[in-house]
Every structure is written in structure tokens, then in C-alpha cells.
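Here the structure is laid out as C-alpha cells; the discussion comes afterwards.
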Amino acid sequence: MLQDEAERRRKARNNAFRLAAFALAVYVIFIVSFMHRGA
Amino acid sequence: MAHSATDTHADHDHHGPAKGFIRRWVMATNHKDIGTMYLVFAGIMFFIGGAMAMVIRAELFKPGLQFLDPQLFNSMTTMHALFMIFGGVMPAWVGLANWMIPMQVGAPDMALPRLNNFSFWILPFAFLLLISTLFVPGGSPAGGWTLYPPLSVQGGDSLPMAIFAIHMMGISSILGSINVIVTLMNMRAPGVTLLRMPLFCWTWLITAYLLILVMPVLAGAVTMLLTDHFFGTTFFSASGGGDPVLFQHVFWFFGHPEVYILILPAFGVVSEVIPTFSRKPLFGFESMVYATASIGFLSFIVWAHHMFTVGMPLAGQMFFMLTTMLIAVPTGVKVFNWSATMWKGSISFEPPMLFAIAFLFLFTIGGFSGLMLAMVPADFQYQDTYFVVAHFHYVLVPGSIFSIIAGIYYWLPKWSGHMYNMKLAKWHFWLSAIFVNVLFFPQHFLGLAGMPRRIPDYSTQFSDWNAVSSIGAFGFGLSQLLFPIAIWQCVRGGVQATDRVWEGAHGLEWELPSPAPYHSWGTPPSLEVINRGSVH
């Protein structure tokens, strides 16, 4: 039971990191994709 | 009743709230405490933003300049929007999510409690920074909440402060959304399958994905604005090869999903309230889920309907007009499903239901004026008039805000363990429902007659309806004072609420005792409890 709980929390943490990385990537890509406009 | 939710098995969670303000609130990790803080914060922001609205309507009570210079008037409209959207509605939804999502899916808490604490505590600093712009040289941002350049970069010293505040709000929203998603995907009790989640959880799941997709876009847009102003880039300046209209595209690519972020959780609350007080299961649960997902998807391909008048190819106009109209289909599915749920139901009219029914009628009015605005030739006339102001206030006030109120009146007895003063809550409803229409309905007429938005003075032909609208605003503003009174009384005491609270309520949160224990579902609910709570 405790092992299940630890596994569940590990998965939740990994998913959280993936989502945060995705958000960061969207932020950077959006800015970089408009760099040709005189930046 | 024996509650597995309150089982006292030998775990470290069996304790009450921490002692002392700092340990309990500043270092809070309990989802209920953090939910309460979000809701209190949102309430304060609603009253600050509302006070700004009162200032705006006082100025517009009659033609001529009464109290404000035009710059301060524009600051008031800009700050009113930023406070209401980012400080009021969004944190209120996150507060409700914090309180209800773990209780509804049988989880002991949000998946990442410390992140939850961080998400909340960014917000007071963001809004302190934003409101302090009122006192810097040049005043607070006055270019509208859309921050269109070149106007927005021509202000005083407030621009970088506002941009940093927006970045902080964005980080808070993204982290909050991550928490909601991983809680719903990883922390559901065994047996609570995705399609057995209540609609409030479903609408929040889709909202959270929208937030993660679009908040970085807003952050990117304002970062580019910042570098244009301070570091010599020309993203939005034609002088260096950039384009001011590009900002509008990027902003509305964020901005349109944002309006669904404000309304989708409202659909969730209404989908919980209407079945309870109709004493019938929700009509078409799965179609509601699909309709919500469709609205979420469509929200990404309609953005340019906010900017038809900047000039775009006919094919572009047609595309954005038709995709916008397409949104009426899933929204119609929802409205018909709610109506069908009430059909032949044994309806009672407690305060949450009253607010939900008002939502149904008044949000639909806002939806219809949205369809009118979606039509390109009509939009050329309506653009930047009070018709637009009337439209979005109909979807946001009796849409989002009435649903937040409905949600609080619905779950408050579960949170506090007491029933609130029904008479006071009904007064709150009737005064709100009447005055909100006195306030916003005449703005349709003003807009159709050509009154532009964001002006402190106007032609005398618009006097009468502006006076009516202002009277409605003062009435609406004053009647909202009843809400904190009703909540305060309820929290302090009152008739003991039963566990189920409402006769027709179904869902895991109603299987918990009232008030909900500080740590609920320490042991996941059994299948029997899940089946009893589930009606679909």
C-alpha cells in the first residue's frame, strides 16, 4: 500500500515536471519564432 | 455513519490545523486551507475591482468630466479588468478547485501541496505590485487590459511593474494548473474512473490544459513588449521590421482561450447544482464532457474575431467568423442538457439553484450577443462600442461570477458545517439578478447607438441609458455586500448542516461529514461509497 502511494506520488511529480517543461518550451518557442521581426 | 474518510488508522495525518497564523496559513499545505486563502483573496480582489467599477460608473453617470481626468479613467478601466480577471475570477476558481477536487475524486489532498502553497503566495505580491502602479509617475497602465502597443509602451514607469506582475500571475496559474492536472490524473481513488469524475473536475481538467497552453503565450507577448521598450528590439514596431498587429494576434491567441478559462469551471458548477436541485441525474453527462473538450479545442482557432477591423484577407474573416459560430454548437448542447435536466424534475429554488438558473438565462443572452459580434459585417459596426462591453459583462458577471457564488452557496454548508441564512442569500440573489440587468442591458442600446468604450465623456444623446446603467451598478455593488455577511454568519454558526446537506446531492464530497474533516479521504473511499456517490 505504501509502495503504491510512493509510486503514485513519483508519477505525479514526473508528470508535473513534464507539464512545467512544456509550458517553458511554449514560452521560449513563441518568442524565438518571432525573432526575425527585427529583434 | 461510519466514514472511511475520517478513519484514524495509524498515520501521521491524523491531526488538526497547525497552531499560529504563520504555521497554519503562510506555511499552509492543506488543500482546504489553501482553497480558503484563494477564495478570501479573490473576494478582496472582487471588492477592489468592484470599487474601480463604481468609480467608472460614477464618472459616466452624466456627460462631462466629473471626478477623473481621462488618464486616470483609462487606468481605472485597465486595472478593473486586470483585477477582476486575474485577481477575482481565476483565483476564485482555483480556490473552489482546491477545496473540491480532492474531496470529489477521493484524494487526501492535492498532489503537490508545497507547490500549491507557492502558487497561492505569489498572487498577493503580484497584485501588490500591480496596485502600487497607481502611485508611480505617469500612473498605472491605461492602455486597456489588452496592453496593445504602441499605446501601452508610451505610459509612465508602470509598464515593467505591470509586466512583472503579469509574469507572476502567469507562473501562479501554470503551477496551479499543473497541480490540478496531476491530482486528477494520478490521485483519483481506485474506482473513480475518468468518466466517473464529476463535471466540475472535468471542466477544471480541460481548463488546466488550456491554462498551461496559453499562459506562456501571454508571458511571451509581454516579454516581447518589455524588450521592445527597454532593450531596443522591434517585435511590435514597424520602424525595425516588426508589426504592432502581431501583438494583437499573439495576445488574442492567449486571450480567447482565457475567456473559456473563466467560464468552463462555471459550466462545471452549474452541472453540479442543477441536477441536485432538480433531483435528477444530469442529462447527457458524456455529451457534456465532449462539448467541454470541443469548446476547449475551438477556443484556439477563433482568436482573430477580436480584431476583424484591423484588416485581414476575406478568407481569414470567413474562417474566424465560421469557427466562432461553430462554438454555439457545443455551448447549445450544454444549455439544452441543463434544460433537459430540469425538465420534469422536482425543482426547488434554494440560493445555489437560483444563481444557476439566472446563469442559464443571462449567460445565454451573452452568448447570443457573442454570435452577433461573430458576424464580420455586424462586427465592423459593433467593434469598440458599449455593445461589446455589454456582451462580455453578460458572460462574465451572470456567467462566471454568478456561478462562483452558486458554487460557494452550494458547498459552503459542507465546508463550515452550518447552513447559512437562506433569506439573506435569497435577497442577495434577487438584488443581484435585478441590478445586473439594470447595469448591463442598457449598454446594448448604448453600443448599438454608437457609444464608444473606454471614454470618460460622451455625447448627450447617451445620457439616459448611462444614468440607468450607473444606478444599476451602484445597486449591484451594494447588494454584493450581503455575500460576505452571509458567509461570515455561516462560518460563525447556524443550524447544523447534515452530511448530505441537499436532498438531491450526489458525489463523494457529500459522503464526508459536515464540516468536512481537515484531512479527508486519508483512506480512499470504498467502491460501495463511490457507487453511492456516483449517478452516472
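Residue numbers start at 1 in each chain; chains themselves are named A, B, ... in the order of the C-alpha cells; ligands are numbered from 1 in the order shown.
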Report as JSON lines the residues of chain B within 6 Å of chain A, each with its shortest atom pair and distance in Å (one decimal), using only C-alpha atoms, ordered by chain and increasing residue number.
{"residue": "B:Ile178", "atom": "CA", "partner": "A:Ala16", "partner_atom": "CA", "distance": 5.8}
{"residue": "B:Val182", "atom": "CA", "partner": "A:Ala12", "partner_atom": "CA", "distance": 5.3}
{"residue": "B:Asn186", "atom": "CA", "partner": "A:Ala12", "partner_atom": "CA", "distance": 5.7}
{"residue": "B:Ile212", "atom": "CA", "partner": "A:Ala23", "partner_atom": "CA", "distance": 5.9}
{"residue": "B:Pro216", "atom": "CA", "partner": "A:Tyr27", "partner_atom": "CA", "distance": 4.6}
{"residue": "B:Val217", "atom": "CA", "partner": "A:Tyr27", "partner_atom": "CA", "distance": 5.9}
{"residue": "B:Gly220", "atom": "CA", "partner": "A:Tyr27", "partner_atom": "CA", "distance": 5.4}
{"residue": "B:Thr233", "atom": "CA", "partner": "A:Ala39", "partner_atom": "CA", "distance": 4.5}
{"residue": "B:Thr234", "atom": "CA", "partner": "A:Gly38", "partner_atom": "CA", "distance": 5.3}
{"residue": "B:Phe235", "atom": "CA", "partner": "A:Arg37", "partner_atom": "CA", "distance": 5.4}
{"residue": "B:Gly240", "atom": "CA", "partner": "A:Gly38", "partner_atom": "CA", "distance": 5.4}
{"residue": "B:Gly241", "atom": "CA", "partner": "A:Gly38", "partner_atom": "CA", "distance": 5.2}
{"residue": "B:Gly242", "atom": "CA", "partner": "A:Arg37", "partner_atom": "CA", "distance": 4.8}
Inset, instruction - Tell me, as number ranges by chain, which residues lie within 12 Å of Pro515 in chain B, counting only C-alpha atoms; anything in the same chain fewer than 4 positions away does not count. - result: B: 6, 32, 411-419, 490-491, 493, 496-501, 509-511, 519-520
Inset, instruction - Between CA of Glu286 in chain B and CA of Leu199 in chain B, measure the distance and give it in Å to one decimal. - result: 9.5 Å
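Using only C-alpha atoms, the protein and nucleic acid residues lying no more than 8 Å from Ile295 in chain B, apart from those fewer than 5 places from it along its own chain, are Tyr260, Ile327, Pro330 and Thr331 of chain B.
Here CA of Thr29 in chain B and CA of Leu213 in chain B stand 26.1 Å from one another.
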Inset, instruction - Show which residues sit within 7 Å of range 305-307 of chain B, as a VMD selection string. Count only C-alpha atoms, and ignore same-chain residues fewer than 6 positions away. - result: chain B and resid 320 to 321 374
Inset, instruction - Point out the residue among B:Ser348, B:Ser534, B:Leu205, B:Pro265 with the least atom-to-atom distance to Phe285 in chain B, counting only C-alpha atoms. - result: B:Ser534
Legend entry - Contact residues around range 75-88 of chain B with only C-alpha atoms at 7 Å, ignoring same-chain residues under 4 positions, as an NGL selection string: :B and (42-43 or 45-46 or 49 or 52-53 or 56 or 71 or 92 or 140-145)
Inset, instruction - Quote the spacing between CA of Asn117 in chain B and CA of Ala6 in chain A in Å to one decimal place. - result: 21.1 Å
Legend entry - DSSP alpha helix (DSSP H) residues within range 329-431 of chain B, as an MDAnalysis selection string: chainID B and resid 329:342 351:374 376:382 386:395 402:416 422:431
